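Novice: Below: one structure in structure tokens.
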Amino acid sequence: MKDHLNENEFNINEYIRLDQMPHFLCPGCGHGIALRALLWAVHQLGIDKDKLAIVSGIGCSGRLSAYVDANTYHTTHGRPLAYATGLALARPDLNVIVISGDGDCLAIGGNHLIHACRRNLNMTCMMLNNEIYGMTGGQVSPTTSGDRYTTTTPAGNTEPVFDACALATAAGASFVGREVTMQIIALRDMFKKALVHNGFSFVEVISDCTEIYGRKNDLGASPEMMMSQKSTMRPFAYRNTVDVPFRPNAMKTGVLTEVDRPEYGNAYREMTAGLRGEKGGT
Amino acid sequence: MSERRNLQGNQACALGAIKAGCRFFAGYPITPSSEVAEAMARELPKVGGTFIQMEDEIASMGAVVGASMGGVKSMTATSGPGFSLKQENLGYACGAEVPCVIVNVMRGGPSTGMPTRPSQGDIMQARWGTHGDHAIIVLAPASVAEAYSETIRAVNMSERLRVPVVVLLDEVIGHLVETVDLDDVPEGAEVWRKWAEGPAEHFEPYAVTEDMVPPMPYPGDGYRTHTTGLTHSPSGFPTQNPALAEAAVMRTTDKLVHHRKEIESYRTQDVEDADFLIVAVGISARAARQSVRDLRSQGIKAGLFRPVTLWPFPEEALRETVKTSGAKTVIVPEMNQGQLVLEVERLLAGQVAIERINRIDGEAITPDDISAKAREVAS
Amino acid sequence: MDSLNIRFSGSGGQGLILAARILASALVSEGRNVAQSQSYEPVSRGGLSRSDLVVSDGEADYPLSQSLDYLLILHEAAATESSGLLDEKSVILVDADQVKSQPAAPLNVVSLPFVETARRLGNKRVANIVALGALAQAGSLCDEAALEKSLQAMTPAKFSTLNMEAFQAGRQLMAG
């Protein structure tokens, strides 16, 4: 197990822009762990940084792209999947990774998410779920848990949450997984699977917003939040061995969906190949 | 071999774009622009390009900017309400200086309005629709032949200057079928954005260059730069340093001032001795063209000044035309409540009488509408 | 610059725009310039539909009709909408059965059973081609062979015979 954390095997400094440090994430934020797991997977897969494109939206998650030593695009709120769709179709030679958040991906960008899942264009989407709009000061998001206080739910949240992975699966994503930041090795390995999967891969990372969400709801500091996530999440692989009642709040973690479906870019190019070279008309 | 054919304005935009090397189109169905998307869906695969119909207008603009950042010439097409939805990502393209072309076929508005009826109600939306201080080029073809040639020019200018270019048609020109010979359009050299060259280390993607257009890194060439909608320093990374922030916005707007000569384009008809100068674009300019002939045959000295580049407005040319002609009255016919006239007033207020002709009834302005106004003023 | 103005009007789905395109294509093959515009209500079937041709030498100054030399009316929906563009020199072809509000003298009106003729040929959808034949006969607008060539080129091959029959039937209707 030791080698998993061996700095000789993976030196994150080779994948981040050190001149952009210090980063702007709050102490205790889970986003950095998720980014580390992602870049570790990139490293282990030997993906060429020159061919790596990171597309992010707006919010705390959106800022991560600036820290990665790759072709990075910090786009508009909710739209990274739309930008990435254009980029991946125009440049199938690139490895396209989208970094999004729960507000970015499920609220303002929800339409783009379901259609990206349906289309199955080859890219990996990492959605960092911290249950809150952190950048704007702590407003309720589509994944804010019940009764939680936010600046726009001063009496507690009454809105039901989105199960992002169920949504992605239902919309047709061919690879769907969820993991908590505490399980960095499992998360890294999930990213490796997602990145090599030919099609649209959706990975939800349960992150934590200690400074705003945690403080407002008295959830403790980062270690407490992470431990609590770990204990309330139920690995999918245990579904037959763990009695559900022992884990009443459990959301499934692990690889939840993995199917073979035609990748959109290839399908489009094959479908239209017969037209190539035909004389122009209209 | 020269080939005369009947071609629709919207389809001419599609063929012009492909001629200029556009190889990516993302769109969303909307009347009266859908024929642009339909033509691109048929034609792009023939030249190895990619068409995609996205889930909405916002996504199609995002995909176009994404494809262009990937190094492929890209275009979308829409109409008023869809154009409004595209403004967010159009603002990104303005800020991040990503080349792209947006065809906007104007229909009656606001809102769903009269989707199949013509309008020129987006003259100001095309200039000021997106947020913040920004530079943008807007071209206004007045014929099918021009829809073709101006879309070529749109792609080329967008590339050369790293600026979004809007091709602004009204529904009449978009749906009009005219006899054209596409071979009549001079075979210009293909224009590409300036690509980044040289060492990747210390490369600054938004460095200030002599022509104010920074070279663009091609993803995969090893530059590994950052592109953001946040106000950025020459390094490409966000800054809130007041001097750098001001310089960043100033360069994108000054860029167009610097290249004004090659951007501006206009046509005149019988202006040398005109007492009445008509300023119009699109189908209104076609009405003016006939009106000028009709009025001249009746002894009224009318002339036409037609901006082909609508924004930035060819202001020196208009001032000069008024001066040399000695025109006392300028008539501005447009299918809205008065948008183009605001620019004309800005340039000429106090120097000439300015008369408006406005139609918002879903019908095109006719030569008689203009001639009647000129006769009324003349009498 | 003198132009020739022709309007095809009726109801959406009657193939008026196609008929106009066929004539436009034939005119272009003879060296003329054509500006074709259409107006339709935002439904594909039913509702007023029309297509105009402005025929000129060189690009027309104004590409929309300001008066009509020839007007075809195939449906009641279009019966009156063009009245402001007509004068005594205009030639108006009206479907005898489909249009209840027939234009009257002093206008030059020819009322003929286009739709009924098409139905008799086996498919009322070729009423547009019957009318095109009548219009060609009425106006000597362009060379007959050129028009037939455009008709063949722009309609599906499997309807070729039917369309040619419809076209000839229209000519004969007009020739009386």
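Starting from 1 in every chain, residues are counted up; chains themselves are A, B, ... following the order of the structure tokens, and ligands are numbered from 1 as listed.
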What lies within 8 Å of C:Ile17 using only C-alpha atoms, ignoring chain neighbours under 6 positions off, as a list in words?
Specialist: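 What passes the distance filter is Phe8, Gln38, Arg50 and Ser51 of chain C.
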Novice: When DSSP is applied to the backbone of this structure, which of stretch 81-226 of chain A are assigned strand (DSSP E or B)? Write them out as a PDB file with N, CA, C and O atoms, in the first residue's frame.
Specialist:
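Contents of part-v2.pdb, as written:
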```pdb
ATOM      1  N   ASN A  95      -7.071  15.076 -25.141  1.00  0.00           N
ATOM      2  CA  ASN A  95      -7.750  14.484 -23.997  1.00  0.00           C
ATOM      3  C   ASN A  95      -8.483  15.599 -23.278  1.00  0.00           C
ATOM      4  O   ASN A  95      -7.860  16.491 -22.716  1.00  0.00           O
ATOM      5  N   VAL A  96      -9.797  15.563 -23.310  1.00  0.00           N
ATOM      6  CA  VAL A  96     -10.563  16.679 -22.754  1.00  0.00           C
ATOM      7  C   VAL A  96     -11.153  16.296 -21.391  1.00  0.00           C
ATOM      8  O   VAL A  96     -11.858  15.284 -21.270  1.00  0.00           O
ATOM      9  N   ILE A  97     -10.817  17.100 -20.392  1.00  0.00           N
ATOM     10  CA  ILE A  97     -11.355  16.896 -19.038  1.00  0.00           C
ATOM     11  C   ILE A  97     -12.109  18.158 -18.632  1.00  0.00           C
ATOM     12  O   ILE A  97     -11.603  19.274 -18.773  1.00  0.00           O
ATOM     13  N   VAL A  98     -13.321  17.970 -18.167  1.00  0.00           N
ATOM     14  CA  VAL A  98     -14.125  19.097 -17.691  1.00  0.00           C
ATOM     15  C   VAL A  98     -14.141  19.080 -16.171  1.00  0.00           C
ATOM     16  O   VAL A  98     -14.333  18.031 -15.559  1.00  0.00           O
ATOM     17  N   ILE A  99     -13.903  20.249 -15.580  1.00  0.00           N
ATOM     18  CA  ILE A  99     -14.027  20.375 -14.124  1.00  0.00           C
ATOM     19  C   ILE A  99     -15.200  21.301 -13.836  1.00  0.00           C
ATOM     20  O   ILE A  99     -15.248  22.427 -14.331  1.00  0.00           O
ATOM     21  N   SER A 100     -16.150  20.787 -13.066  1.00  0.00           N
ATOM     22  CA  SER A 100     -17.355  21.555 -12.810  1.00  0.00           C
ATOM     23  C   SER A 100     -17.748  21.379 -11.348  1.00  0.00           C
ATOM     24  O   SER A 100     -17.148  20.572 -10.633  1.00  0.00           O
ATOM     25  N   GLY A 101     -18.739  22.146 -10.929  1.00  0.00           N
ATOM     26  CA  GLY A 101     -19.207  22.027  -9.549  1.00  0.00           C
ATOM     27  C   GLY A 101     -20.679  21.670  -9.520  1.00  0.00           C
ATOM     28  O   GLY A 101     -21.308  21.498 -10.570  1.00  0.00           O
ATOM     29  N   MET A 123     -15.074  12.416 -23.366  1.00  0.00           N
ATOM     30  CA  MET A 123     -14.449  13.358 -22.436  1.00  0.00           C
ATOM     31  C   MET A 123     -14.759  12.877 -21.025  1.00  0.00           C
ATOM     32  O   MET A 123     -15.612  12.005 -20.825  1.00  0.00           O
ATOM     33  N   THR A 124     -14.044  13.436 -20.063  1.00  0.00           N
ATOM     34  CA  THR A 124     -14.303  13.082 -18.671  1.00  0.00           C
ATOM     35  C   THR A 124     -14.737  14.328 -17.929  1.00  0.00           C
ATOM     36  O   THR A 124     -14.071  15.366 -18.018  1.00  0.00           O
ATOM     37  N   CYS A 125     -15.836  14.224 -17.229  1.00  0.00           N
ATOM     38  CA  CYS A 125     -16.334  15.356 -16.455  1.00  0.00           C
ATOM     39  C   CYS A 125     -16.183  15.050 -14.971  1.00  0.00           C
ATOM     40  O   CYS A 125     -16.745  14.071 -14.471  1.00  0.00           O
ATOM     41  N   MET A 126     -15.407  15.879 -14.284  1.00  0.00           N
ATOM     42  CA  MET A 126     -15.303  15.748 -12.822  1.00  0.00           C
ATOM     43  C   MET A 126     -16.205  16.809 -12.200  1.00  0.00           C
ATOM     44  O   MET A 126     -15.973  18.000 -12.382  1.00  0.00           O
ATOM     45  N   MET A 127     -17.235  16.360 -11.501  1.00  0.00           N
ATOM     46  CA  MET A 127     -18.109  17.304 -10.816  1.00  0.00           C
ATOM     47  C   MET A 127     -17.789  17.294  -9.331  1.00  0.00           C
ATOM     48  O   MET A 127     -17.950  16.283  -8.649  1.00  0.00           O
ATOM     49  N   LEU A 128     -17.330  18.440  -8.848  1.00  0.00           N
ATOM     50  CA  LEU A 128     -16.991  18.560  -7.434  1.00  0.00           C
ATOM     51  C   LEU A 128     -18.236  18.999  -6.683  1.00  0.00           C
ATOM     52  O   LEU A 128     -18.723  20.108  -6.867  1.00  0.00           O
ATOM     53  N   ASN A 129     -18.734  18.104  -5.848  1.00  0.00           N
ATOM     54  CA  ASN A 129     -19.983  18.388  -5.124  1.00  0.00           C
ATOM     55  C   ASN A 129     -19.665  18.755  -3.682  1.00  0.00           C
ATOM     56  O   ASN A 129     -19.314  17.906  -2.873  1.00  0.00           O
ATOM     57  N   ILE A 132     -22.751  23.478  -2.137  1.00  0.00           N
ATOM     58  CA  ILE A 132     -22.908  24.919  -1.859  1.00  0.00           C
ATOM     59  C   ILE A 132     -22.318  25.757  -2.987  1.00  0.00           C
ATOM     60  O   ILE A 132     -21.446  25.293  -3.702  1.00  0.00           O
ATOM     61  N   TYR A 133     -22.838  26.969  -3.167  1.00  0.00           N
ATOM     62  CA  TYR A 133     -22.172  27.959  -4.011  1.00  0.00           C
ATOM     63  C   TYR A 133     -21.161  28.684  -3.116  1.00  0.00           C
ATOM     64  O   TYR A 133     -21.524  29.593  -2.378  1.00  0.00           O
ATOM     65  N   GLN A 139     -24.593  30.177  -1.071  1.00  0.00           N
ATOM     66  CA  GLN A 139     -26.027  30.026  -1.360  1.00  0.00           C
ATOM     67  C   GLN A 139     -26.390  28.550  -1.598  1.00  0.00           C
ATOM     68  O   GLN A 139     -25.536  27.726  -1.909  1.00  0.00           O
ATOM     69  N   VAL A 140     -27.666  28.267  -1.483  1.00  0.00           N
ATOM     70  CA  VAL A 140     -28.147  26.890  -1.629  1.00  0.00           C
ATOM     71  C   VAL A 140     -27.890  26.380  -3.054  1.00  0.00           C
ATOM     72  O   VAL A 140     -27.972  27.146  -4.017  1.00  0.00           O
ATOM     73  N   THR A 150     -28.062  27.938   4.545  1.00  0.00           N
ATOM     74  CA  THR A 150     -27.195  28.647   3.591  1.00  0.00           C
ATOM     75  C   THR A 150     -27.657  30.104   3.620  1.00  0.00           C
ATOM     76  O   THR A 150     -28.655  30.428   4.270  1.00  0.00           O
ATOM     77  N   THR A 153     -31.097  30.100   2.362  1.00  0.00           N
ATOM     78  CA  THR A 153     -32.083  29.280   3.085  1.00  0.00           C
ATOM     79  C   THR A 153     -31.871  29.552   4.577  1.00  0.00           C
ATOM     80  O   THR A 153     -31.429  28.668   5.320  1.00  0.00           O
ATOM     81  N   PHE A 175     -20.165   6.063 -18.566  1.00  0.00           N
ATOM     82  CA  PHE A 175     -19.358   5.760 -17.376  1.00  0.00           C
ATOM     83  C   PHE A 175     -19.755   6.750 -16.285  1.00  0.00           C
ATOM     84  O   PHE A 175     -19.686   7.961 -16.481  1.00  0.00           O
ATOM     85  N   VAL A 176     -20.180   6.217 -15.148  1.00  0.00           N
ATOM     86  CA  VAL A 176     -20.595   7.075 -14.033  1.00  0.00           C
ATOM     87  C   VAL A 176     -20.007   6.521 -12.746  1.00  0.00           C
ATOM     88  O   VAL A 176     -20.080   5.311 -12.493  1.00  0.00           O
ATOM     89  N   GLY A 177     -19.424   7.420 -11.955  1.00  0.00           N
ATOM     90  CA  GLY A 177     -18.905   6.987 -10.660  1.00  0.00           C
ATOM     91  C   GLY A 177     -18.956   8.098  -9.640  1.00  0.00           C
ATOM     92  O   GLY A 177     -19.095   9.276  -9.982  1.00  0.00           O
ATOM     93  N   ARG A 178     -18.867   7.697  -8.376  1.00  0.00           N
ATOM     94  CA  ARG A 178     -18.872   8.680  -7.284  1.00  0.00           C
ATOM     95  C   ARG A 178     -17.854   8.242  -6.248  1.00  0.00           C
ATOM     96  O   ARG A 178     -17.712   7.038  -5.976  1.00  0.00           O
ATOM     97  N   GLU A 179     -17.119   9.200  -5.694  1.00  0.00           N
ATOM     98  CA  GLU A 179     -16.176   8.850  -4.638  1.00  0.00           C
ATOM     99  C   GLU A 179     -16.003  10.046  -3.700  1.00  0.00           C
ATOM    100  O   GLU A 179     -16.307  11.179  -4.083  1.00  0.00           O
ATOM    101  N   VAL A 180     -15.565   9.762  -2.504  1.00  0.00           N
ATOM    102  CA  VAL A 180     -15.304  10.835  -1.537  1.00  0.00           C
ATOM    103  C   VAL A 180     -13.815  11.175  -1.567  1.00  0.00           C
ATOM    104  O   VAL A 180     -12.987  10.342  -1.945  1.00  0.00           O
ATOM    105  N   PHE A 200     -18.557   9.388 -22.820  1.00  0.00           N
ATOM    106  CA  PHE A 200     -18.689  10.426 -21.804  1.00  0.00           C
ATOM    107  C   PHE A 200     -18.605   9.813 -20.409  1.00  0.00           C
ATOM    108  O   PHE A 200     -19.414   8.956 -20.051  1.00  0.00           O
ATOM    109  N   SER A 201     -17.625  10.251 -19.636  1.00  0.00           N
ATOM    110  CA  SER A 201     -17.448   9.742 -18.276  1.00  0.00           C
ATOM    111  C   SER A 201     -17.790  10.825 -17.273  1.00  0.00           C
ATOM    112  O   SER A 201     -17.319  11.959 -17.397  1.00  0.00           O
ATOM    113  N   PHE A 202     -18.586  10.462 -16.315  1.00  0.00           N
ATOM    114  CA  PHE A 202     -19.011  11.425 -15.299  1.00  0.00           C
ATOM    115  C   PHE A 202     -18.572  10.924 -13.927  1.00  0.00           C
ATOM    116  O   PHE A 202     -18.923   9.821 -13.510  1.00  0.00           O
ATOM    117  N   VAL A 203     -17.774  11.737 -13.248  1.00  0.00           N
ATOM    118  CA  VAL A 203     -17.318  11.360 -11.914  1.00  0.00           C
ATOM    119  C   VAL A 203     -17.725  12.450 -10.925  1.00  0.00           C
ATOM    120  O   VAL A 203     -17.330  13.610 -11.071  1.00  0.00           O
ATOM    121  N   GLU A 204     -18.524  12.065  -9.965  1.00  0.00           N
ATOM    122  CA  GLU A 204     -18.917  13.003  -8.909  1.00  0.00           C
ATOM    123  C   GLU A 204     -17.989  12.813  -7.723  1.00  0.00           C
ATOM    124  O   GLU A 204     -17.850  11.692  -7.217  1.00  0.00           O
ATOM    125  N   VAL A 205     -17.346  13.878  -7.317  1.00  0.00           N
ATOM    126  CA  VAL A 205     -16.485  13.808  -6.147  1.00  0.00           C
ATOM    127  C   VAL A 205     -17.186  14.526  -5.000  1.00  0.00           C
ATOM    128  O   VAL A 205     -17.571  15.690  -5.129  1.00  0.00           O
ATOM    129  N   ILE A 206     -17.363  13.810  -3.900  1.00  0.00           N
ATOM    130  CA  ILE A 206     -17.958  14.435  -2.725  1.00  0.00           C
ATOM    131  C   ILE A 206     -16.857  15.215  -2.024  1.00  0.00           C
ATOM    132  O   ILE A 206     -15.940  14.642  -1.440  1.00  0.00           O
TER     133      ILE A 206
END
```
Novice: Find the residues around stretch 2-11 of chain B up to 7 Å (only C-alpha atoms counted), leave out those fewer than 4 positions away in its own chain, and share them as an NGL selection string.
Specialist: (:A and (282)) or (:B and (15 or 33 or 35-36 or 39 or 144 or 147 or 173-181 or 183)) or (:C and (25))
Novice: Run DSSP on the backbone and give me the residues of chain C it puts in alpha helix (DSSP H), as a ChimeraX atom specification.
Specialist: /C:16-29,114-121,127-139,144-154,160-175
Novice: If you measure from atom CA of B:Met124 to atom CA of B:Leu340, what distance in Å do you get, rounded to one decimal?
Specialist: 7.9 Å
Novice: Calculate how many Å separate atom CA of B:Val213 from atom CA of B:Glu150, rounding to one decimal.
Specialist: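 Calculated distance between atom CA of B:Val213 and atom CA of B:Glu150 is 21.5 Å.
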Novice: Find the spatial neighbours of stretch 84-99 of chain C, counting only C-alpha atoms, within a cut-off of 8 Å - ignore same-chain residues fewer than 4 positions away - and output them as number ranges by chain.
Specialist: C: 66-76, 79, 106-116, 135
Novice: Which residues are near B:Val191? Cut-off 10 Å, only C-alpha atoms, ignore same chain within fewer than 6 positions. Put them as number ranges by chain.
Specialist: B: 20-21, 152-153, 155-160
Novice: I'd like the interatomic distance between atom CA of A:Thr76 and atom CA of A:Gly57, to a tenth of an Å.
Specialist: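 According to the coordinates, atom CA of A:Thr76 and atom CA of A:Gly57 are separated by 5.2 Å.
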Novice: Dump as a tab-separated table the rows for residues of chain A within 9 Å of chain B: closest atom pair and distance in Å with one decimal, only C-alpha atoms counted, ordered by chain and rising residue number.
Specialist:
```
residue	atom	partner	partner_atom	distance
A:Gln20	CA	B:Phe237	CA	8.5
A:Lys49	CA	B:Arg224	CA	7.7
A:Asp50	CA	B:Gly220	CA	4.8
A:Lys51	CA	B:Gly220	CA	5.1
A:Leu52	CA	B:Gly220	CA	8.0
A:Ala53	CA	B:Pro219	CA	8.0
A:Ser65	CA	B:His226	CA	8.0
A:Ala66	CA	B:His226	CA	6.3
A:Asp69	CA	B:Arg224	CA	6.4
A:Ala70	CA	B:Arg224	CA	4.6
A:Asn71	CA	B:Arg224	CA	4.3
A:Thr72	CA	B:His226	CA	4.8
A:Tyr73	CA	B:Thr227	CA	4.8
A:His74	CA	B:Thr228	CA	4.6
A:Thr75	CA	B:Thr228	CA	6.1
A:Thr76	CA	B:Asn89	CA	6.9
A:Arg79	CA	B:Gly62	CA	6.6
A:Pro80	CA	B:Gly62	CA	7.8
A:Leu81	CA	B:Ala59	CA	8.3
A:Ala82	CA	B:Ala59	CA	4.9
A:Tyr83	CA	B:Gly66	CA	4.2
A:Ala84	CA	B:Gly66	CA	6.0
A:Thr85	CA	B:Ala63	CA	5.8
A:Gly86	CA	B:Ala63	CA	3.9
A:Leu87	CA	B:Ala67	CA	4.3
A:Ala88	CA	B:Ala67	CA	7.5
A:Leu89	CA	B:Ala67	CA	7.3
A:Ala90	CA	B:Ala67	CA	5.3
A:Arg91	CA	B:Gly70	CA	6.2
A:Asp93	CA	B:Gly220	CA	8.8
A:Leu94	CA	B:Gly220	CA	7.7
A:Asn111	CA	B:Glu55	CA	7.3
A:His112	CA	B:Glu55	CA	6.9
A:His115	CA	B:Glu55	CA	6.6
A:Tyr268	CA	B:Thr50	CA	8.3
A:Arg269	CA	B:Pro45	CA	8.2
A:Thr272	CA	B:Pro45	CA	5.9
A:Ala273	CA	B:Pro45	CA	7.2
A:Gly274	CA	B:Lys46	CA	8.4
A:Leu275	CA	B:Lys46	CA	5.1
A:Arg276	CA	B:Lys46	CA	4.0
A:Gly277	CA	B:Lys46	CA	5.0
A:Glu278	CA	B:Lys46	CA	5.3
A:Lys279	CA	B:Lys46	CA	7.2
A:Gly280	CA	B:Glu43	CA	6.2
A:Gly281	CA	B:Glu43	CA	7.2
A:Thr282	CA	B:Ala39	CA	6.1
```
